[in-house]
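One file, structure.txt, is given below (compact mmCIF, C-alpha atoms).
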# COMPACT_ATOMS: atom_id res chain seq x y z
CA MET A 462 -31.10 16.57 -14.93
CA LYS A 463 -31.46 12.80 -15.28
CA ASP A 464 -28.20 10.90 -14.96
CA SER A 465 -28.58 9.02 -18.26
CA LEU A 466 -29.15 12.31 -20.09
CA ARG A 467 -25.99 13.76 -18.56
CA TRP A 468 -24.00 10.75 -19.80
CA THR A 469 -25.53 11.04 -23.26
CA ILE A 470 -24.52 14.70 -23.48
CA LEU A 471 -20.99 13.84 -22.33
CA PHE A 472 -20.63 11.21 -25.09
CA ILE A 473 -22.00 13.62 -27.70
CA VAL A 474 -19.47 16.27 -26.60
CA LEU A 475 -16.53 13.82 -26.63
CA GLY A 476 -17.67 12.53 -30.03
CA THR A 477 -17.87 16.08 -31.37
CA LEU A 478 -14.31 16.83 -30.25
CA PHE A 479 -13.12 13.52 -31.72
CA GLY A 480 -14.94 14.24 -34.98
CA PHE A 481 -13.47 17.74 -35.19
CA VAL A 482 -9.93 16.39 -34.75
CA LEU A 483 -10.51 13.68 -37.38
CA SER A 484 -11.93 16.28 -39.76
CA ARG A 485 -9.00 18.67 -39.42
CA SER A 486 -6.19 16.10 -39.25
CA GLY A 487 -6.46 14.46 -42.68
CA ALA A 488 -7.90 11.22 -41.25
CA ALA A 489 -11.21 12.05 -42.95
CA ASP A 490 -9.59 13.18 -46.21
CA TYR A 491 -9.45 10.93 -49.30
CA ASN A 492 -6.11 12.36 -50.48
CA TYR A 493 -4.41 11.85 -47.11
CA ILE A 494 -5.56 8.23 -46.85
CA GLN A 495 -4.23 7.44 -50.34
CA ALA A 496 -0.99 9.32 -49.57
CA MET A 497 -0.56 7.16 -46.46
CA PHE A 498 -1.01 3.92 -48.43
CA LEU A 499 1.31 5.26 -51.19
CA PHE A 500 3.95 6.19 -48.56
CA ASP A 501 3.78 9.78 -49.88
CA SER A 502 2.86 11.37 -46.55
CA PHE A 503 3.86 10.81 -42.94
CA GLN A 504 0.75 12.60 -41.56
CA LEU A 505 -1.47 9.58 -40.79
CA TYR A 506 1.42 7.46 -39.50
CA GLY A 507 2.36 10.33 -37.20
CA ILE A 508 -1.20 10.70 -35.94
CA ILE A 509 -1.78 7.01 -35.25
CA GLY A 510 1.72 6.55 -33.79
CA THR A 511 1.34 9.51 -31.43
CA ALA A 512 -2.15 8.38 -30.41
CA VAL A 513 -0.94 4.83 -29.67
CA VAL A 514 2.08 5.93 -27.60
CA LEU A 515 0.18 8.49 -25.52
CA THR A 516 -2.86 6.21 -25.07
CA SER A 517 -0.58 3.38 -24.00
CA ALA A 518 1.01 5.54 -21.30
CA GLY A 519 -2.41 6.71 -20.16
CA ILE A 520 -3.87 3.20 -20.01
CA TRP A 521 -0.88 2.12 -17.92
CA LEU A 522 -1.48 4.95 -15.47
CA ILE A 523 -5.24 4.31 -15.28
CA LYS A 524 -4.66 0.57 -14.75
CA ARG A 525 -2.12 1.33 -12.04
CA ARG A 526 -4.68 3.52 -10.30
CA GLY A 527 -7.11 0.63 -10.77
CA ARG A 528 -10.25 2.76 -10.58
CA THR A 529 -12.07 5.12 -12.89
CA ALA A 530 -12.85 8.73 -12.00
CA LEU A 531 -16.09 7.50 -10.40
CA GLY A 532 -14.30 4.88 -8.31
CA ARG A 533 -15.34 1.83 -10.37
CA PRO A 534 -12.77 -0.92 -10.99
CA VAL A 535 -11.22 -0.45 -14.46
CA ALA A 536 -12.65 -3.13 -16.77
CA ILE A 537 -11.26 -3.47 -20.30
CA GLU A 538 -12.79 -6.13 -22.51
CA LEU A 539 -10.04 -7.71 -24.59
CA LYS A 540 -10.57 -8.58 -28.25
CA PRO A 541 -10.07 -12.26 -29.15
CA LEU A 542 -7.63 -13.45 -31.81
CA HIS A 543 -9.06 -15.78 -34.47
CA ARG A 544 -8.89 -16.45 -38.21
CA GLY A 545 -11.24 -13.51 -38.77
CA SER A 546 -8.60 -11.13 -37.38
CA VAL A 547 -6.55 -11.53 -40.55
CA ALA A 548 -9.38 -12.01 -43.06
CA GLY A 549 -11.51 -9.22 -41.59
CA GLY A 550 -8.50 -6.93 -41.32
CA VAL A 551 -7.59 -7.40 -44.98
CA LEU A 552 -11.20 -6.86 -46.09
CA PHE A 553 -11.47 -3.71 -43.99
CA GLY A 554 -8.14 -2.45 -45.39
CA ILE A 555 -9.45 -2.89 -48.95
CA GLY A 556 -12.56 -0.93 -48.01
CA TRP A 557 -10.52 1.79 -46.26
CA SER A 558 -8.51 2.25 -49.46
CA ILE A 559 -11.55 2.26 -51.76
CA ALA A 560 -13.57 4.74 -49.70
CA GLY A 561 -10.61 6.71 -48.37
CA MET A 562 -12.19 6.66 -44.93
CA CYS A 563 -12.38 4.30 -41.98
CA PRO A 564 -15.52 4.05 -39.80
CA GLY A 565 -15.20 7.26 -37.75
CA PRO A 566 -14.37 9.44 -40.75
CA ILE A 567 -17.37 8.06 -42.68
CA VAL A 568 -19.63 9.76 -40.14
CA VAL A 569 -17.39 12.85 -39.94
CA ASN A 570 -17.42 13.24 -43.73
CA ILE A 571 -21.22 13.11 -43.81
CA GLY A 572 -21.17 15.93 -41.25
CA GLU A 573 -18.74 17.92 -43.39
CA GLY A 574 -21.16 17.71 -46.31
CA LYS A 575 -19.28 15.18 -48.47
CA LEU A 576 -22.31 13.60 -50.12
CA TYR A 577 -20.64 10.38 -51.31
CA ALA A 578 -19.92 9.43 -47.67
CA VAL A 579 -23.63 8.64 -47.24
CA ALA A 580 -23.16 5.72 -49.67
CA ALA A 581 -20.14 4.52 -47.67
CA LEU A 582 -22.29 4.52 -44.53
CA ALA A 583 -25.07 2.61 -46.30
CA GLY A 584 -22.55 0.00 -47.47
CA ALA A 585 -20.98 -0.27 -44.01
CA LEU A 586 -24.36 -0.78 -42.33
CA LEU A 587 -25.31 -3.42 -44.88
CA GLY A 588 -21.94 -5.14 -44.46
CA ALA A 589 -22.19 -5.14 -40.67
CA GLY A 590 -25.81 -6.29 -40.83
CA ALA A 591 -24.94 -9.14 -43.20
CA PHE A 592 -22.14 -10.26 -40.89
CA GLY A 593 -24.47 -10.38 -37.90
CA VAL A 594 -27.17 -12.25 -39.80
CA LEU A 595 -24.63 -14.79 -41.12
CA TYR A 596 -22.71 -15.06 -37.83
CA GLN A 597 -23.57 -18.67 -36.99
CA ARG A 598 -22.59 -19.77 -40.51
CA LEU A 599 -19.26 -17.90 -40.37
CA GLN A 600 -18.43 -19.12 -36.86
CA GLY A 601 -16.79 -22.42 -37.87
CA LEU A 602 -14.99 -21.02 -40.90
CA PHE A 603 -13.23 -18.27 -38.94
CA ALA A 604 -13.23 -19.91 -35.49
CA LEU A 605 -15.25 -16.99 -34.09
CA PRO A 606 -16.14 -16.89 -30.37
CA ARG A 607 -19.50 -18.12 -29.11
CA LEU A 608 -22.07 -15.38 -29.00
CA ASN A 609 -22.43 -15.11 -25.25
CA SER A 610 -18.69 -14.66 -24.69
CA PRO A 611 -17.28 -11.14 -24.58
CA ARG A 612 -15.57 -10.09 -27.77
CA MET B 953 -1.05 19.27 -48.85
CA PRO B 954 -4.28 21.15 -47.99
CA LEU B 955 -7.42 19.28 -46.90
CA LEU B 956 -10.29 18.76 -49.34
CA LEU B 957 -12.38 20.70 -46.82
CA HIS B 958 -12.00 24.37 -47.85
CA ASP B 959 -8.30 23.77 -48.66
CA LEU B 960 -7.58 24.14 -44.94
CA PRO B 961 -4.09 23.35 -43.64
CA PRO B 962 -4.24 20.16 -41.51
CA LEU B 963 -3.44 20.08 -37.79
CA HIS B 964 0.09 18.97 -36.99
CA TRP B 965 0.13 15.17 -36.63
CA ALA B 966 1.41 15.35 -33.06
CA ILE B 967 -1.48 17.62 -32.03
CA ALA B 968 -4.07 15.45 -33.78
CA GLY B 969 -2.58 12.29 -32.24
CA ALA B 970 -2.55 13.85 -28.78
CA GLY B 971 -6.18 14.92 -29.21
CA ILE B 972 -7.23 11.39 -30.16
CA ALA B 973 -5.30 9.97 -27.18
CA ALA B 974 -6.88 12.49 -24.79
CA ILE B 975 -10.44 11.62 -25.83
CA THR B 976 -9.68 7.87 -25.79
CA LEU B 977 -8.33 8.15 -22.25
CA LEU B 978 -11.24 10.31 -21.07
CA LEU B 979 -13.66 7.63 -22.33
CA LEU B 980 -11.79 5.01 -20.32
CA PHE B 981 -11.20 7.09 -17.20
CA ILE B 982 -14.67 8.62 -16.92
CA ALA B 983 -16.95 6.03 -18.50
CA ASN B 984 -14.91 2.79 -18.24
CA THR B 985 -15.31 2.19 -21.98
CA ARG B 986 -12.78 1.18 -24.61
CA LEU B 987 -12.78 3.32 -27.75
CA GLY B 988 -14.37 1.55 -30.71
CA ILE B 989 -16.26 3.15 -33.55
CA SER B 990 -17.07 0.35 -36.00
CA SER B 991 -19.05 -1.45 -33.27
CA GLY B 992 -21.38 1.53 -33.63
CA PHE B 993 -22.43 0.18 -37.03
CA GLU B 994 -23.74 -3.02 -35.45
CA ASP B 995 -25.35 -0.89 -32.74
CA ILE B 996 -27.32 0.89 -35.47
CA CYS B 997 -28.19 -2.47 -37.05
CA SER B 998 -29.35 -3.72 -33.64
CA LEU B 999 -32.09 -1.07 -33.68
CA VAL B 1000 -33.84 -2.98 -36.47
CA LEU B 1001 -32.30 -6.50 -36.59
CA GLU B 1002 -33.23 -9.18 -34.06
CA GLN B 1003 -30.68 -11.94 -34.71
CA PRO B 1004 -28.79 -13.26 -31.63
CA TYR B 1005 -25.63 -11.42 -32.76
CA PHE B 1006 -27.45 -8.11 -32.27
CA ARG B 1007 -28.86 -9.13 -28.88
CA ARG B 1008 -25.46 -9.67 -27.17
CA GLY B 1009 -24.82 -7.88 -23.92
CA ALA B 1010 -21.87 -6.08 -25.50
CA VAL B 1011 -24.21 -4.46 -28.04
CA LEU B 1012 -27.06 -3.63 -25.70
CA SER B 1013 -24.81 -2.05 -23.08
CA GLY B 1014 -22.30 -0.47 -25.48
CA ARG B 1015 -24.79 1.26 -27.70
CA THR B 1016 -25.86 3.59 -24.88
CA TRP B 1017 -22.52 5.37 -25.28
CA ARG B 1018 -21.53 4.55 -28.87
CA LEU B 1019 -24.71 5.88 -30.49
CA PRO B 1020 -24.39 9.34 -28.87
CA PHE B 1021 -20.66 9.26 -29.69
CA LEU B 1022 -21.54 8.65 -33.38
CA VAL B 1023 -23.95 11.61 -33.26
CA GLY B 1024 -21.02 13.62 -31.90
CA LEU B 1025 -18.75 12.54 -34.77
CA PHE B 1026 -21.35 13.83 -37.21
CA LEU B 1027 -21.63 17.13 -35.30
CA GLY B 1028 -17.83 17.41 -35.20
CA GLY B 1029 -17.79 17.25 -38.98
CA VAL B 1030 -20.53 19.88 -39.24
CA LEU B 1031 -18.72 22.15 -36.77
CA SER B 1032 -15.42 21.75 -38.60
CA ALA B 1033 -17.01 22.74 -41.92
CA VAL B 1034 -18.95 25.68 -40.45
CA LEU B 1035 -15.92 27.11 -38.63
CA GLY B 1036 -13.63 26.40 -41.58
CA GLY B 1037 -15.50 28.40 -44.19
CA GLY B 1038 -19.15 27.33 -44.15
CA TRP B 1039 -21.15 24.13 -44.63
CA HIS B 1040 -21.59 23.31 -48.32
CA PRO B 1041 -22.57 19.93 -49.75
CA THR B 1042 -19.86 18.69 -52.12
CA TRP B 1043 -18.88 15.79 -54.39
CA ALA B 1044 -15.17 16.75 -54.49
CA LEU B 1045 -12.93 13.69 -54.08
CA GLY B 1046 -9.39 14.96 -54.73
CA MET B 1047 -7.12 12.60 -56.64
CA PHE B 1048 -10.05 10.32 -57.51
CA ASP B 1049 -11.47 13.23 -59.56
CA GLN B 1050 -8.14 13.82 -61.28
CA THR B 1051 -7.63 10.17 -62.21
CA VAL B 1052 -10.82 8.08 -62.28
CA GLY B 1053 -13.04 11.12 -62.84
CA TRP B 1054 -16.44 9.49 -62.25
CA GLY B 1055 -19.52 11.63 -61.56
CA PRO B 1056 -21.88 11.41 -58.56
CA ALA B 1057 -23.52 8.10 -59.54
CA GLY B 1058 -20.17 6.38 -60.02
CA LYS B 1059 -18.88 7.79 -56.73
CA LEU B 1060 -21.94 6.53 -54.87
CA LEU B 1061 -21.38 3.04 -56.28
CA TRP B 1062 -17.64 3.19 -55.48
CA MET B 1063 -18.24 4.35 -51.92
CA PHE B 1064 -21.03 1.85 -51.34
CA THR B 1065 -18.67 -0.94 -52.39
CA GLY B 1066 -15.96 0.35 -50.08
CA GLY B 1067 -18.51 0.58 -47.29
CA LEU B 1068 -19.51 -3.08 -47.72
CA PHE B 1069 -15.88 -4.14 -47.24
CA ILE B 1070 -15.54 -1.82 -44.24
CA GLY B 1071 -18.74 -2.96 -42.53
CA PHE B 1072 -18.19 -6.69 -43.05
CA GLY B 1073 -14.42 -6.61 -42.50
CA THR B 1074 -14.49 -4.61 -39.27
CA ARG B 1075 -17.13 -6.90 -37.78
CA LEU B 1076 -15.19 -10.01 -38.79
CA ALA B 1077 -11.99 -8.60 -37.28
CA GLY B 1078 -13.88 -7.22 -34.27
CA GLY B 1079 -12.75 -3.63 -34.70
CA CYS B 1080 -11.26 -0.91 -36.88
CA THR B 1081 -8.58 1.75 -36.71
CA SER B 1082 -9.90 3.01 -33.37
CA GLY B 1083 -10.63 -0.17 -31.41
CA HIS B 1084 -7.70 -2.19 -32.77
CA GLY B 1085 -5.32 0.39 -34.26
CA VAL B 1086 -5.38 2.88 -31.40
CA PHE B 1087 -6.85 1.29 -28.25
CA GLY B 1088 -5.88 -2.33 -28.86
CA LEU B 1089 -2.30 -1.57 -29.88
CA ALA B 1090 -1.94 0.82 -26.94
CA ASN B 1091 -3.23 -1.94 -24.65
CA LEU B 1092 -0.71 -4.40 -26.17
CA GLU B 1093 -3.34 -6.84 -27.46
CA LEU B 1094 -2.09 -9.49 -29.90
CA SER B 1095 -5.38 -9.62 -31.85
CA SER B 1096 -5.07 -5.87 -32.44
CA LEU B 1097 -1.52 -6.17 -33.73
CA VAL B 1098 -2.56 -8.94 -36.14
CA THR B 1099 -5.64 -7.00 -37.30
CA THR B 1100 -3.76 -3.70 -37.69
CA VAL B 1101 -1.00 -5.31 -39.76
CA SER B 1102 -3.72 -6.99 -41.86
CA PHE B 1103 -5.73 -3.84 -42.58
CA MET B 1104 -2.63 -1.77 -43.33
CA ALA B 1105 -1.51 -4.50 -45.75
CA GLY B 1106 -4.97 -4.62 -47.37
CA GLY B 1107 -5.07 -0.84 -47.75
CA ILE B 1108 -1.51 -0.50 -49.06
CA ALA B 1109 -2.03 -3.30 -51.61
CA THR B 1110 -5.34 -1.87 -52.85
CA THR B 1111 -4.17 1.74 -53.20
CA GLN B 1112 -0.87 0.71 -54.81
CA LEU B 1113 -2.79 -1.51 -57.25
CA LEU B 1114 -5.26 1.25 -58.11
CA TYR B 1115 -2.88 4.21 -58.42
CA ASN B 1116 0.38 2.57 -59.43
CA VAL B 1117 -0.86 -0.24 -61.68
CA VAL B 1118 -4.44 0.26 -62.95
CA LEU B 1119 -4.31 4.05 -63.39
CA ARG B 1120 -0.70 4.28 -64.31

Is it possible to give me this structure as C-alpha cells?
Amino acid sequence: MKDSLRWTILFIVLGTLFGFVLSRSGAADYNYIQAMFLFDSFQLYGIIGTAVVLTSAGIWLIKRRGRTALGRPVAIELKPLHRGSVAGGVLFGIGWSIAGMCPGPIVVNIGEGKLYAVAALAGALLGAGAFGVLYQRLQGLFALPRLNSPR
Amino acid sequence: MPLLLHDLPPLHWAIAGAGIAAITLLLLFIANTRLGISSGFEDICSLVLEQPYFRRGAVLSGRTWRLPFLVGLFLGGVLSAVLGGGWHPTWALGMFDQTVGWGPAGKLLWMFTGGLFIGFGTRLAGGCTSGHGVFGLANLELSSLVTTVSFMAGGIATTQLLYNVVLR
C-alpha cells in the first residue's frame, strides 16, 4: 500500500473516532450548547476542561521526549496574538451560539442526518472564503501576520 | 438531558474529554500535527480559490491530513446515528423548536447566518474550539487564552440575549 494512502486512512479513522465522541457527548447537540451558554449544564465545561488538562499533560510528555513516534523532532506551530484574536473570537462565539455547533460538530451533524447543518457548513465556507479573499484588506485593521509567516 | 439524536444518553463528560485528548495526542505523536478543525474550512476553499491566502504553505501541507480528518468527522456522525438507532434525516432542533419554532426554510437561513459568523470569525482568530480551546490552551498559548475567553463571551452573550431577553 502506498504510504500517502496509509496516512489518509489513519486520518479518516482518527476523524471518525473524534466525530463519534463529539456526536455522543453533547458537543454536537443544539440543546447542550445553549445549556452551556445559559450555565444550565456542566457537560461541555467538563468535556473541554478534561480534554485541556489531559492534552496538556500529554503535550508535556511528548515535548520532553522531543520526538514523534516516527522519530521526527516535535514541531508545534504557535498561533499569533493580534487584534483579530478578540474580534474573531467574539464573532465565532456569536456564530457558535446561533448554530449551536462549532466547526467539528457542523460536519458531525451533517453525518448524523441533521439537515440544517448543511446550511451552517455553506455559511462557514463562505465566511472562510470571504476572509481569505479580503485578507490583505483586513491585515492592517487587525494587525494580522504577513502571509508567508506561519500562523 | 438526552441528546437530540435518538434521545440517547450522552457519554460522561470525563470519558468524552479523555477521548478528545487521546485523539489530539495521537495526531501530535504520530503525525506531528496540532489539532485544528476550522482550518479545514479554508482547506476546502483552497480547492477552488486561488488568492495568496489559500496558497500558503500551512494550507497546502495541512490539508493533506485535515481533509481526510473532516471526512472522518462526517463518517463518525453517520456511524453514531446508525449504531444509535438508525440514520434518519431530521429537522429537529430541540429548544429552538419549542421557542422560535421556525420551519425548514427559517432554520436554513438561521444556520447559514451562524455559519457565516463561524467561518469568518474562526479564520480571523486563527482557530476554533479545537485549535485554540483544546490544543492551544493545553499548550499554554496566550493567543488561545485570549481567543477562548472571547468566543465564550460571544456565545454566552448571544444565547443569554436570545433565550433570556428576546424570547422571554

Item checked: Close residues, Met497 (chain A) itself excluded, 12 Å, all atoms listed in the file, min 4 positions apart in chain, as JSON, numbers by chain -> {"A": [487, 488, 490, 491, 492, 493, 501, 502, 503, 504, 505, 506, 507, 508, 509, 557, 558, 561, 562], "B": [1104, 1105, 1107, 1108, 1109, 1111, 1112]}

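The coordinates place CA of Leu1092 (chain B) at 15.0 Å from CA of Thr511 (chain A).
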
Margin query: List the spatial neighbours of Phe1103 (chain B) as a ChimeraX atom specification - criterion: any atom at most 10 Å away, only C-alpha atoms, same-chain residues fewer than 2 positions off excluded.
Written below: /A:546-558 /B:1073-1074,1077,1080-1081,1085,1098-1101,1105-1109

Margin query: Which residue is closest to chain A? Choose from B:Gly1014, B:Gly1079, B:Gly1088, B:Gly969 and count only C-alpha atoms.
Written below: B:Gly969

Next item on the list: Please provide the set of residues having any atom within 9 Å of Ile520 (chain A), restricted to only C-alpha atoms, with same-chain residues fewer than 6 positions apart removed, written as a ChimeraX atom specification.
Entry: /B:977,980-981,1087,1090-1091

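Of the residues under consideration (B:Ala1010, B:Gly1028, B:Pro961, B:Cys997), B:Gly1028 shows the shortest atom-to-atom contact distance to Leu475 (chain A) when counting all atoms listed in the file.
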
Next item on the list: Identify all chain B residues at most 6 Å from chain A by counting only C-alpha atoms; ligands do not count. Present them as a PyMOL selection string.
Entry: chain B and resi 962-963+965+968-970+972-973+981-982+989-990+993-994+997+1005+1020-1021+1024-1030+1032-1033+1040-1043+1046+1060+1063-1064+1066-1074+1076-1077+1086+1090-1091+1095+1099+1102-1104+1106-1108+1110-1111

Notebook entry, point to check: CA of Ala974 (chain B) and CA of Trp1017 (chain B), how far apart in Å?
Noted result: 17.2 Å

Could you give me the centre and size, in Å to one decimal, of an axis-aligned box around all listed atoms of region 1082-1087 of chain B with 5 Å added on every side, as AutoDock Vina command-line options?
--center_x -8.0 --center_y 0.4 --center_z -31.3 --size_x 15.3 --size_y 15.2 --size_z 16.0

Next item on the list: In Å, rounded to a single decimal, give me how far CA of Thr1016 (chain B) is from CA of Ser998 (chain B).
Entry: 11.9 Å
